[in-house]
file run.cif (mmCIF, N, CA and C atoms and all ligand atoms)
data_protein
loop_
_atom_site.label_atom_id
_atom_site.label_comp_id
_atom_site.auth_asym_id
_atom_site.auth_seq_id
_atom_site.Cartn_x
_atom_site.Cartn_y
_atom_site.Cartn_z
N MET A 278 146.44 -67.89 -23.59
CA MET A 278 147.87 -67.81 -23.19
C MET A 278 148.60 -66.85 -24.12
N LEU A 279 148.50 -67.16 -25.40
CA LEU A 279 149.15 -66.31 -26.40
C LEU A 279 148.52 -64.92 -26.37
N ARG A 280 147.23 -64.91 -26.16
CA ARG A 280 146.46 -63.68 -26.13
C ARG A 280 146.93 -62.75 -25.02
N THR A 281 147.15 -63.31 -23.80
CA THR A 281 147.59 -62.49 -22.67
C THR A 281 148.98 -61.93 -22.91
N THR A 282 149.85 -62.74 -23.48
CA THR A 282 151.21 -62.27 -23.77
C THR A 282 151.15 -61.09 -24.73
N PHE A 283 150.31 -61.25 -25.73
CA PHE A 283 150.16 -60.17 -26.71
C PHE A 283 149.64 -58.89 -26.03
N ALA A 284 148.65 -59.06 -25.14
CA ALA A 284 148.08 -57.92 -24.43
C ALA A 284 149.15 -57.23 -23.58
N LYS A 285 150.00 -58.03 -22.95
CA LYS A 285 151.08 -57.46 -22.12
C LYS A 285 152.07 -56.68 -22.98
N LEU A 286 152.43 -57.28 -24.10
CA LEU A 286 153.38 -56.61 -25.01
C LEU A 286 152.80 -55.29 -25.50
N LEU A 287 151.52 -55.32 -25.79
CA LEU A 287 150.84 -54.12 -26.28
C LEU A 287 150.88 -53.04 -25.20
N ALA A 288 150.60 -53.44 -23.95
CA ALA A 288 150.60 -52.49 -22.83
C ALA A 288 151.98 -51.88 -22.65
N VAL A 289 153.01 -52.71 -22.69
CA VAL A 289 154.38 -52.22 -22.55
C VAL A 289 154.71 -51.25 -23.67
N GLY A 290 154.29 -51.61 -24.87
CA GLY A 290 154.53 -50.77 -26.04
C GLY A 290 153.87 -49.41 -25.90
N LEU A 291 152.65 -49.39 -25.40
CA LEU A 291 151.91 -48.14 -25.24
C LEU A 291 152.58 -47.24 -24.20
N VAL A 292 153.06 -47.84 -23.12
CA VAL A 292 153.74 -47.06 -22.07
C VAL A 292 155.02 -46.44 -22.65
N ALA A 293 155.76 -47.25 -23.42
CA ALA A 293 157.00 -46.75 -24.01
C ALA A 293 156.71 -45.60 -24.97
N LEU A 294 155.64 -45.74 -25.72
CA LEU A 294 155.24 -44.71 -26.68
C LEU A 294 154.87 -43.42 -25.94
N ALA A 295 154.10 -43.57 -24.86
CA ALA A 295 153.67 -42.41 -24.07
C ALA A 295 154.89 -41.70 -23.50
N LEU A 296 155.85 -42.48 -23.00
CA LEU A 296 157.05 -41.88 -22.42
C LEU A 296 157.88 -41.15 -23.45
N SER A 297 158.04 -41.74 -24.64
CA SER A 297 158.87 -41.09 -25.65
C SER A 297 158.17 -39.84 -26.20
N ALA A 298 156.85 -39.87 -26.30
CA ALA A 298 156.11 -38.70 -26.77
C ALA A 298 156.29 -37.55 -25.80
N CYS A 299 156.28 -37.88 -24.51
CA CYS A 299 156.46 -36.88 -23.45
C CYS A 299 157.87 -36.30 -23.52
N GLY A 300 158.85 -37.18 -23.72
CA GLY A 300 160.26 -36.74 -23.72
C GLY A 300 160.57 -35.83 -24.89
N SER A 301 159.92 -36.03 -26.03
CA SER A 301 160.26 -35.23 -27.20
C SER A 301 159.72 -33.80 -27.11
N LYS A 302 158.74 -33.60 -26.22
CA LYS A 302 158.16 -32.28 -26.06
C LYS A 302 159.14 -31.31 -25.37
N ASN A 303 159.93 -31.84 -24.46
CA ASN A 303 160.87 -31.01 -23.69
C ASN A 303 162.30 -31.46 -23.99
N ASP A 304 163.25 -30.59 -23.64
CA ASP A 304 164.66 -30.97 -23.78
C ASP A 304 164.96 -32.13 -22.84
N ASN A 305 164.26 -32.10 -21.75
CA ASN A 305 164.54 -32.99 -20.64
C ASN A 305 163.28 -33.82 -20.41
N ALA A 306 163.45 -35.05 -20.01
CA ALA A 306 162.28 -35.88 -19.73
C ALA A 306 161.55 -35.38 -18.48
N ALA A 307 162.28 -34.69 -17.60
CA ALA A 307 161.66 -34.18 -16.38
C ALA A 307 160.73 -33.02 -16.69
N GLN A 308 159.77 -32.82 -15.82
CA GLN A 308 158.84 -31.70 -15.95
C GLN A 308 159.64 -30.40 -15.80
N PRO A 309 159.56 -29.46 -16.74
CA PRO A 309 160.37 -28.24 -16.63
C PRO A 309 159.93 -27.29 -15.52
N GLU A 310 158.63 -27.33 -15.21
CA GLU A 310 158.14 -26.43 -14.16
C GLU A 310 157.64 -27.26 -12.98
N ASP A 311 157.94 -26.80 -11.80
CA ASP A 311 157.43 -27.45 -10.60
C ASP A 311 156.00 -26.93 -10.40
N THR A 312 155.04 -27.82 -10.40
CA THR A 312 153.64 -27.39 -10.32
C THR A 312 153.10 -27.37 -8.89
N ALA A 313 153.96 -27.65 -7.92
CA ALA A 313 153.52 -27.63 -6.53
C ALA A 313 153.01 -26.23 -6.16
N ALA A 314 152.10 -26.17 -5.20
CA ALA A 314 151.54 -24.88 -4.78
C ALA A 314 152.60 -24.05 -4.06
N ALA A 315 152.59 -22.75 -4.35
CA ALA A 315 153.52 -21.84 -3.67
C ALA A 315 152.78 -20.55 -3.41
N SER A 316 153.14 -19.87 -2.32
CA SER A 316 152.44 -18.62 -2.03
C SER A 316 153.18 -17.43 -2.61
N GLN A 317 154.40 -17.65 -3.06
CA GLN A 317 155.18 -16.56 -3.65
C GLN A 317 156.08 -17.11 -4.74
N GLU A 318 156.59 -16.20 -5.54
CA GLU A 318 157.51 -16.63 -6.59
C GLU A 318 158.63 -15.60 -6.72
N ILE A 319 159.83 -16.08 -6.92
CA ILE A 319 160.91 -15.15 -7.28
C ILE A 319 161.52 -15.66 -8.59
N VAL A 320 162.00 -14.71 -9.37
CA VAL A 320 162.62 -15.06 -10.65
C VAL A 320 164.07 -14.63 -10.60
N ILE A 321 164.94 -15.55 -10.89
CA ILE A 321 166.37 -15.24 -10.98
C ILE A 321 166.69 -15.15 -12.46
N ARG A 322 167.08 -13.95 -12.91
CA ARG A 322 167.37 -13.76 -14.32
C ARG A 322 168.87 -13.85 -14.54
N ALA A 323 169.27 -14.73 -15.43
CA ALA A 323 170.69 -14.95 -15.68
C ALA A 323 171.06 -14.46 -17.07
N SER A 324 172.25 -13.85 -17.16
CA SER A 324 172.77 -13.43 -18.46
C SER A 324 174.27 -13.66 -18.43
N ASN A 325 174.97 -13.18 -19.45
CA ASN A 325 176.43 -13.38 -19.49
C ASN A 325 177.14 -12.23 -18.79
N TRP A 326 177.73 -12.30 -17.65
CA TRP A 326 177.79 -13.43 -16.76
C TRP A 326 177.42 -12.95 -15.39
N GLN A 327 176.14 -12.83 -15.21
CA GLN A 327 175.66 -12.38 -13.90
C GLN A 327 174.21 -12.78 -13.67
N PHE A 328 173.82 -12.68 -12.40
CA PHE A 328 172.41 -12.82 -12.08
C PHE A 328 171.88 -11.40 -11.92
N ASP A 329 170.60 -11.16 -12.09
CA ASP A 329 170.09 -9.78 -12.08
C ASP A 329 170.15 -9.12 -10.70
N GLN A 330 170.31 -9.91 -9.65
CA GLN A 330 170.47 -9.32 -8.32
C GLN A 330 171.60 -10.03 -7.61
N THR A 331 172.22 -9.34 -6.66
CA THR A 331 173.28 -9.99 -5.89
C THR A 331 172.68 -10.70 -4.68
N GLU A 332 171.44 -10.29 -4.36
CA GLU A 332 170.78 -10.87 -3.21
C GLU A 332 169.28 -11.01 -3.49
N TYR A 333 168.74 -12.16 -3.21
CA TYR A 333 167.29 -12.40 -3.36
C TYR A 333 166.75 -12.69 -1.98
N LYS A 334 165.55 -12.21 -1.70
CA LYS A 334 164.98 -12.40 -0.36
C LYS A 334 163.65 -13.13 -0.43
N ILE A 335 163.51 -14.11 0.43
CA ILE A 335 162.23 -14.81 0.52
C ILE A 335 161.91 -15.05 2.00
N PRO A 336 160.63 -15.26 2.32
CA PRO A 336 160.26 -15.54 3.71
C PRO A 336 160.59 -16.98 4.11
N LYS A 337 160.91 -17.15 5.37
CA LYS A 337 161.22 -18.50 5.88
C LYS A 337 159.94 -19.32 6.06
N ASP A 338 160.11 -20.62 6.07
CA ASP A 338 159.03 -21.58 6.33
C ASP A 338 157.79 -21.34 5.45
N THR A 339 157.99 -20.88 4.26
CA THR A 339 156.90 -20.56 3.34
C THR A 339 157.22 -21.19 1.97
N PRO A 340 156.25 -21.86 1.36
CA PRO A 340 156.54 -22.42 0.04
C PRO A 340 156.70 -21.32 -1.03
N VAL A 341 157.87 -21.24 -1.60
CA VAL A 341 158.18 -20.21 -2.59
C VAL A 341 158.66 -20.90 -3.87
N ARG A 342 158.14 -20.44 -4.98
CA ARG A 342 158.60 -20.97 -6.27
C ARG A 342 159.81 -20.16 -6.71
N ILE A 343 160.90 -20.85 -6.94
CA ILE A 343 162.11 -20.18 -7.42
C ILE A 343 162.25 -20.55 -8.88
N LYS A 344 162.36 -19.51 -9.69
CA LYS A 344 162.33 -19.72 -11.13
C LYS A 344 163.59 -19.15 -11.78
N LEU A 345 164.09 -19.86 -12.76
CA LEU A 345 165.26 -19.37 -13.50
C LEU A 345 164.81 -18.92 -14.88
N GLU A 346 165.27 -17.72 -15.26
CA GLU A 346 165.06 -17.28 -16.64
C GLU A 346 166.42 -16.94 -17.23
N ASN A 347 166.77 -17.66 -18.27
CA ASN A 347 168.03 -17.39 -18.95
C ASN A 347 167.77 -16.34 -20.01
N GLU A 348 168.25 -15.12 -19.76
CA GLU A 348 168.02 -14.05 -20.73
C GLU A 348 169.08 -14.04 -21.82
N ALA A 349 170.28 -14.50 -21.48
CA ALA A 349 171.34 -14.64 -22.46
C ALA A 349 172.22 -15.78 -22.00
N GLY A 350 172.59 -16.64 -22.90
CA GLY A 350 173.42 -17.78 -22.53
C GLY A 350 172.58 -18.88 -21.90
N ALA A 351 173.23 -19.96 -21.55
CA ALA A 351 172.53 -21.08 -20.91
C ALA A 351 173.19 -21.33 -19.56
N HIS A 352 172.55 -20.82 -18.54
CA HIS A 352 173.11 -20.92 -17.21
C HIS A 352 172.29 -21.84 -16.32
N GLY A 353 172.89 -22.20 -15.21
CA GLY A 353 172.19 -23.04 -14.24
C GLY A 353 172.25 -22.38 -12.89
N VAL A 354 171.24 -22.60 -12.09
CA VAL A 354 171.23 -22.04 -10.75
C VAL A 354 171.26 -23.18 -9.74
N GLN A 355 172.26 -23.14 -8.89
CA GLN A 355 172.32 -24.10 -7.80
C GLN A 355 172.28 -23.32 -6.50
N ILE A 356 171.38 -23.71 -5.61
CA ILE A 356 171.32 -23.05 -4.31
C ILE A 356 171.76 -24.09 -3.29
N GLU A 357 172.94 -23.86 -2.76
CA GLU A 357 173.53 -24.86 -1.87
C GLU A 357 172.78 -25.00 -0.56
N GLY A 358 172.54 -26.23 -0.21
CA GLY A 358 171.85 -26.53 1.04
C GLY A 358 170.34 -26.37 0.95
N ALA A 359 169.84 -26.03 -0.24
CA ALA A 359 168.40 -25.82 -0.40
C ALA A 359 167.79 -26.85 -1.35
N GLY A 360 168.62 -27.71 -1.91
CA GLY A 360 168.12 -28.73 -2.83
C GLY A 360 167.58 -28.15 -4.12
N VAL A 361 168.14 -27.03 -4.56
CA VAL A 361 167.65 -26.38 -5.78
C VAL A 361 168.72 -26.44 -6.86
N LYS A 362 168.33 -26.97 -8.02
CA LYS A 362 169.23 -27.01 -9.17
C LYS A 362 168.36 -26.76 -10.40
N LEU A 363 168.50 -25.58 -10.99
CA LEU A 363 167.64 -25.21 -12.11
C LEU A 363 168.46 -25.00 -13.38
N SER A 364 167.82 -25.25 -14.52
CA SER A 364 168.45 -25.03 -15.82
C SER A 364 167.33 -24.87 -16.83
N ASN A 365 167.67 -24.81 -18.12
CA ASN A 365 166.61 -24.69 -19.12
C ASN A 365 165.69 -25.91 -19.13
N GLY A 366 166.21 -27.05 -18.70
CA GLY A 366 165.39 -28.26 -18.67
C GLY A 366 164.52 -28.38 -17.43
N LYS A 367 164.87 -27.65 -16.40
CA LYS A 367 164.13 -27.70 -15.12
C LYS A 367 164.12 -26.28 -14.59
N LYS A 368 163.08 -25.53 -14.97
CA LYS A 368 163.11 -24.08 -14.75
C LYS A 368 162.64 -23.58 -13.40
N SER A 369 161.88 -24.38 -12.67
CA SER A 369 161.43 -23.87 -11.37
C SER A 369 161.32 -24.98 -10.35
N LYS A 370 161.38 -24.54 -9.10
CA LYS A 370 161.24 -25.50 -8.00
C LYS A 370 160.61 -24.77 -6.83
N VAL A 371 159.68 -25.45 -6.17
CA VAL A 371 159.04 -24.88 -4.99
C VAL A 371 159.77 -25.42 -3.76
N VAL A 372 160.24 -24.51 -2.92
CA VAL A 372 160.96 -24.91 -1.71
C VAL A 372 160.42 -24.19 -0.49
N THR A 373 160.55 -24.83 0.64
CA THR A 373 160.20 -24.23 1.93
C THR A 373 161.48 -24.30 2.75
N LEU A 374 162.05 -23.12 3.02
CA LEU A 374 163.38 -23.12 3.64
C LEU A 374 163.38 -22.52 5.04
N ALA A 375 164.32 -23.00 5.83
CA ALA A 375 164.53 -22.44 7.16
C ALA A 375 165.33 -21.14 6.99
N ALA A 376 165.23 -20.28 7.99
CA ALA A 376 165.95 -19.00 7.94
C ALA A 376 167.45 -19.22 7.77
N GLY A 377 168.07 -18.33 7.01
CA GLY A 377 169.51 -18.44 6.80
C GLY A 377 169.89 -17.78 5.49
N THR A 378 171.19 -17.79 5.21
CA THR A 378 171.68 -17.25 3.95
C THR A 378 172.29 -18.39 3.15
N TYR A 379 171.79 -18.54 1.94
CA TYR A 379 172.21 -19.65 1.09
C TYR A 379 172.99 -19.10 -0.11
N ASP A 380 173.99 -19.84 -0.52
CA ASP A 380 174.80 -19.42 -1.67
C ASP A 380 174.16 -19.88 -2.97
N ILE A 381 174.07 -18.93 -3.91
CA ILE A 381 173.56 -19.24 -5.24
C ILE A 381 174.74 -19.19 -6.20
N LYS A 382 174.85 -20.17 -7.06
CA LYS A 382 175.91 -20.12 -8.08
C LYS A 382 175.45 -20.77 -9.36
N CYS A 383 176.14 -20.43 -10.42
CA CYS A 383 175.89 -21.07 -11.70
C CYS A 383 176.64 -22.40 -11.68
N TYR A 384 176.00 -23.48 -12.09
CA TYR A 384 176.68 -24.78 -12.07
C TYR A 384 176.95 -25.34 -13.46
N ILE A 385 176.61 -24.55 -14.48
CA ILE A 385 176.89 -24.99 -15.85
C ILE A 385 178.05 -24.15 -16.36
N VAL A 386 179.11 -24.81 -16.78
CA VAL A 386 180.28 -24.07 -17.25
C VAL A 386 179.85 -23.32 -18.52
N CYS A 387 179.76 -21.97 -18.38
CA CYS A 387 179.08 -21.19 -19.41
C CYS A 387 179.99 -20.18 -20.11
N GLY A 388 181.26 -20.19 -19.77
CA GLY A 388 182.16 -19.26 -20.46
C GLY A 388 183.05 -18.50 -19.50
N ASP A 389 183.63 -17.42 -20.02
CA ASP A 389 184.63 -16.63 -19.29
C ASP A 389 184.24 -16.20 -17.89
N GLY A 390 183.03 -15.73 -17.75
CA GLY A 390 182.61 -15.16 -16.47
C GLY A 390 181.90 -16.13 -15.56
N HIS A 391 181.98 -17.40 -15.87
CA HIS A 391 181.23 -18.41 -15.11
C HIS A 391 181.42 -18.29 -13.60
N LEU A 392 182.67 -18.17 -13.19
CA LEU A 392 182.94 -18.16 -11.74
C LEU A 392 182.45 -16.89 -11.05
N LYS A 393 182.12 -15.87 -11.83
CA LYS A 393 181.60 -14.62 -11.24
C LYS A 393 180.10 -14.74 -10.96
N MET A 394 179.49 -15.76 -11.46
CA MET A 394 178.04 -15.88 -11.32
C MET A 394 177.65 -16.42 -9.95
N LYS A 395 177.62 -15.47 -9.01
CA LYS A 395 177.28 -15.83 -7.63
C LYS A 395 176.32 -14.82 -7.05
N ALA A 396 175.46 -15.30 -6.17
CA ALA A 396 174.52 -14.41 -5.47
C ALA A 396 174.14 -15.08 -4.16
N LYS A 397 173.29 -14.40 -3.40
CA LYS A 397 172.86 -14.95 -2.11
C LYS A 397 171.35 -15.05 -2.08
N LEU A 398 170.87 -16.02 -1.35
CA LEU A 398 169.44 -16.11 -1.09
C LEU A 398 169.28 -15.92 0.42
N VAL A 399 168.60 -14.84 0.79
CA VAL A 399 168.41 -14.55 2.21
C VAL A 399 166.99 -14.97 2.59
N VAL A 400 166.90 -15.90 3.52
CA VAL A 400 165.62 -16.43 3.96
C VAL A 400 165.41 -15.94 5.40
N SER A 401 164.34 -15.17 5.61
CA SER A 401 164.14 -14.65 6.97
C SER A 401 162.66 -14.45 7.27
CU CU A 501 178.13 -20.67 -15.50
#
call {"tool": "encode", "arguments": {"input": "run.cif", "output": "structure tokens"}}
result
Amino acid sequence: MLRTTFAKLLAVGLVALALSACGSKNDNAAQPEDTAAASQEIVIRASNWQFDQTEYKIPKDTPVRIKLENEAGAHGVQIEGAGVKLSNGKKSKVVTLAAGTYDIKCYIVCGDGHLKMKAKLVVS
């Protein structure tokens, strides 16, 4: 009886230890890179205060890895209607999108030019 309780406590302790060890490796407890399979990748490079392109193009109905690289400052990429929200803690996401034009914006208040940080994602 006492033995089983001890074993349970030990198991709980080990899980907690594993979780905290994992969390200390990254800023965020979440996996920073999406490891799902993708047939293509695009990189959105952010700096103060712009994205490297005003328009990014990807094919429709195809798994594409969208990656954020912060070259200067700490910015976030949100793609509205696409379920994409990237930052230094979560740098990539694989998405399969229907054709259309999606708005990209910075969602982390990053300074003077924050509101200028806009682009489009064209899926066709
Ligand atoms: Cu911003």
call {"tool": "closest_residue", "arguments": {"input": "run.cif", "among": "A:Cys387, A:Ala315, A:Ile335, A:Ala359", "to": "Val399 (chain A)", "atoms": "only N, CA and C atoms"}}
result
A:Ile335
call {"tool": "atom_distance", "arguments": {"input": "run.cif", "atom1": "CA of Cys383 (chain A)", "atom2": "CA of Glu318 (chain A)"}}
result
19.6 Å
call {"tool": "residues_near_ligand", "arguments": {"input": "run.cif", "ligand": "ligand CU 501 (chain A)", "cutoff": "9 Å", "atoms": "only C-alpha atoms and all ligand atoms", "output": "count of residues only"}}
result
21
call {"tool": "atom_distance", "arguments": {"input": "run.cif", "atom1": "atom N of Ser316 (chain A)", "atom2": "CA of Leu398 (chain A)"}}
result
16.8 Å
call {"tool": "residues_around", "arguments": {"input": "run.cif", "residues": "region 360-374 of chain A", "least_positions_apart": "6", "cutoff": "7 Å", "atoms": "only C-alpha atoms", "output": "PyMOL selection string"}}
result
chain A and resi 304-305+308-311+313+315+337-345+352-354
call {"tool": "atom_distance", "arguments": {"input": "run.cif", "atom1": "atom C of Arg322 (chain A)", "atom2": "CA of Ala349 (chain A)"}}
result
8.3 Å
call {"tool": "residues_around", "arguments": {"input": "run.cif", "residues": "Ala323 (chain A)", "least_positions_apart": "3", "cutoff": "6 Å", "atoms": "only N, CA and C atoms", "output": "JSON, numbers by chain"}}
result
{"A": [327, 328, 329, 346, 347, 348, 349]}
call {"tool": "write_last_selection", "arguments": {"input": "run.cif", "atoms": "N, CA and C atoms", "output": "PDB file, keeping the file's coordinate frame"}}
result
ATOM      1  N   GLN A 327     176.140 -12.830 -15.210  1.00  0.00           N
ATOM      2  CA  GLN A 327     175.660 -12.380 -13.900  1.00  0.00           C
ATOM      3  C   GLN A 327     174.210 -12.780 -13.670  1.00  0.00           C
ATOM      4  N   PHE A 328     173.820 -12.680 -12.400  1.00  0.00           N
ATOM      5  CA  PHE A 328     172.410 -12.820 -12.080  1.00  0.00           C
ATOM      6  C   PHE A 328     171.880 -11.400 -11.920  1.00  0.00           C
ATOM      7  N   ASP A 329     170.600 -11.160 -12.090  1.00  0.00           N
ATOM      8  CA  ASP A 329     170.090  -9.780 -12.080  1.00  0.00           C
ATOM      9  C   ASP A 329     170.150  -9.120 -10.700  1.00  0.00           C
ATOM     10  N   GLU A 346     165.270 -17.720 -15.260  1.00  0.00           N
ATOM     11  CA  GLU A 346     165.060 -17.280 -16.640  1.00  0.00           C
ATOM     12  C   GLU A 346     166.420 -16.940 -17.230  1.00  0.00           C
ATOM     13  N   ASN A 347     166.770 -17.660 -18.270  1.00  0.00           N
ATOM     14  CA  ASN A 347     168.030 -17.390 -18.950  1.00  0.00           C
ATOM     15  C   ASN A 347     167.770 -16.340 -20.010  1.00  0.00           C
ATOM     16  N   GLU A 348     168.250 -15.120 -19.760  1.00  0.00           N
ATOM     17  CA  GLU A 348     168.020 -14.050 -20.730  1.00  0.00           C
ATOM     18  C   GLU A 348     169.080 -14.040 -21.820  1.00  0.00           C
ATOM     19  N   ALA A 349     170.280 -14.500 -21.480  1.00  0.00           N
ATOM     20  CA  ALA A 349     171.340 -14.640 -22.460  1.00  0.00           C
ATOM     21  C   ALA A 349     172.220 -15.780 -22.000  1.00  0.00           C
TER      22      ALA A 349
END
call {"tool": "axis_aligned_box", "arguments": {"input": "run.cif", "around": "region 340-352 of chain A", "padding_each_side": "3 Å", "output": "JSON"}}
result
{"center_x": 164.8, "center_y": -18.2, "center_z": -10.8, "size_x": 23.2, "size_y": 14.4, "size_z": 30.3}
call {"tool": "closest_residue", "arguments": {"input": "run.cif", "among": "A:Ala314, A:Val320, A:Ile381, A:Val400", "to": "Gln355 (chain A)", "atoms": "all atoms listed in the file"}}
result
A:Ile381
call {"tool": "residues_around", "arguments": {"input": "run.cif", "residues": "Lys397 (chain A)", "least_positions_apart": "3", "cutoff": "5 Å", "atoms": "all atoms listed in the file", "output": "ChimeraX atom specification"}}
result
/A:331-333,379-381
call {"tool": "write_last_selection", "arguments": {"input": "run.cif", "atoms": "N, CA and C atoms", "output": "short mmCIF file (atom, residue, chain, number, x, y, z; two decimals), in the frame of the given file"}}
result
data_model
loop_
_atom_site.label_atom_id
_atom_site.label_comp_id
_atom_site.auth_asym_id
_atom_site.auth_seq_id
_atom_site.Cartn_x
_atom_site.Cartn_y
_atom_site.Cartn_z
N THR A 331 172.22 -9.34 -6.66
CA THR A 331 173.28 -9.99 -5.89
C THR A 331 172.68 -10.70 -4.68
N GLU A 332 171.44 -10.29 -4.36
CA GLU A 332 170.78 -10.87 -3.21
C GLU A 332 169.28 -11.01 -3.49
N TYR A 333 168.74 -12.16 -3.21
CA TYR A 333 167.29 -12.40 -3.36
C TYR A 333 166.75 -12.69 -1.98
N TYR A 379 171.79 -18.54 1.94
CA TYR A 379 172.21 -19.65 1.09
C TYR A 379 172.99 -19.10 -0.11
N ASP A 380 173.99 -19.84 -0.52
CA ASP A 380 174.80 -19.42 -1.67
C ASP A 380 174.16 -19.88 -2.97
N ILE A 381 174.07 -18.93 -3.91
CA ILE A 381 173.56 -19.24 -5.24
C ILE A 381 174.74 -19.19 -6.20
#
call {"tool": "decode", "arguments": {"input": "run.cif", "residues": "region 311-328 of chain A", "atoms": "N, CA, C and O atoms", "output": "short mmCIF file (atom, residue, chain, number, x, y, z; two decimals), in the first residue's frame"}}
result
data_model
loop_
_atom_site.label_atom_id
_atom_site.label_comp_id
_atom_site.auth_asym_id
_atom_site.auth_seq_id
_atom_site.Cartn_x
_atom_site.Cartn_y
_atom_site.Cartn_z
N ASP A 311 7.58 23.65 -36.00
CA ASP A 311 6.56 22.68 -36.35
C ASP A 311 7.26 21.60 -37.17
O ASP A 311 7.84 21.88 -38.22
N THR A 312 7.21 20.37 -36.70
CA THR A 312 7.95 19.30 -37.38
C THR A 312 7.09 18.53 -38.39
O THR A 312 7.54 17.55 -38.96
N ALA A 313 5.86 18.97 -38.58
CA ALA A 313 5.00 18.29 -39.56
C ALA A 313 5.62 18.36 -40.95
O ALA A 313 6.38 19.28 -41.26
N ALA A 314 5.30 17.37 -41.78
CA ALA A 314 5.86 17.33 -43.13
C ALA A 314 5.29 18.46 -43.98
O ALA A 314 4.12 18.79 -43.90
N ALA A 315 6.15 19.06 -44.80
CA ALA A 315 5.71 20.12 -45.70
C ALA A 315 6.46 19.95 -47.00
O ALA A 315 7.59 19.48 -47.03
N SER A 316 5.82 20.32 -48.11
CA SER A 316 6.51 20.16 -49.39
C SER A 316 7.24 21.44 -49.78
O SER A 316 8.03 21.44 -50.72
N GLN A 317 6.97 22.52 -49.07
CA GLN A 317 7.64 23.79 -49.37
C GLN A 317 7.81 24.58 -48.09
O GLN A 317 7.15 24.30 -47.10
N GLU A 318 8.67 25.58 -48.19
CA GLU A 318 8.87 26.44 -47.02
C GLU A 318 9.01 27.88 -47.48
O GLU A 318 9.66 28.15 -48.49
N ILE A 319 8.43 28.79 -46.73
CA ILE A 319 8.72 30.20 -46.99
C ILE A 319 9.20 30.80 -45.67
O ILE A 319 8.81 30.37 -44.60
N VAL A 320 10.07 31.79 -45.81
CA VAL A 320 10.61 32.46 -44.63
C VAL A 320 10.18 33.91 -44.68
O VAL A 320 10.36 34.59 -45.69
N ILE A 321 9.58 34.36 -43.60
CA ILE A 321 9.21 35.77 -43.48
C ILE A 321 10.26 36.39 -42.58
O ILE A 321 10.40 35.99 -41.42
N ARG A 322 11.02 37.34 -43.13
CA ARG A 322 12.08 37.96 -42.34
C ARG A 322 11.58 39.30 -41.82
O ARG A 322 11.15 40.16 -42.60
N ALA A 323 11.64 39.47 -40.52
CA ALA A 323 11.14 40.70 -39.90
C ALA A 323 12.28 41.52 -39.34
O ALA A 323 13.27 40.98 -38.85
N SER A 324 12.16 42.84 -39.48
CA SER A 324 13.15 43.75 -38.90
C SER A 324 12.38 44.97 -38.42
O SER A 324 11.15 44.98 -38.45
N ASN A 325 13.11 46.01 -38.01
CA ASN A 325 12.43 47.22 -37.53
C ASN A 325 12.18 48.19 -38.68
O ASN A 325 13.12 48.77 -39.16
N TRP A 326 11.03 48.43 -39.20
CA TRP A 326 9.77 47.83 -38.87
C TRP A 326 9.11 47.42 -40.16
O TRP A 326 8.30 48.14 -40.72
N GLN A 327 9.57 46.29 -40.63
CA GLN A 327 9.00 45.79 -41.88
C GLN A 327 9.23 44.29 -42.03
O GLN A 327 10.05 43.71 -41.34
N PHE A 328 8.47 43.72 -42.97
CA PHE A 328 8.74 42.35 -43.36
C PHE A 328 9.55 42.44 -44.65
O PHE A 328 9.47 43.44 -45.36
#
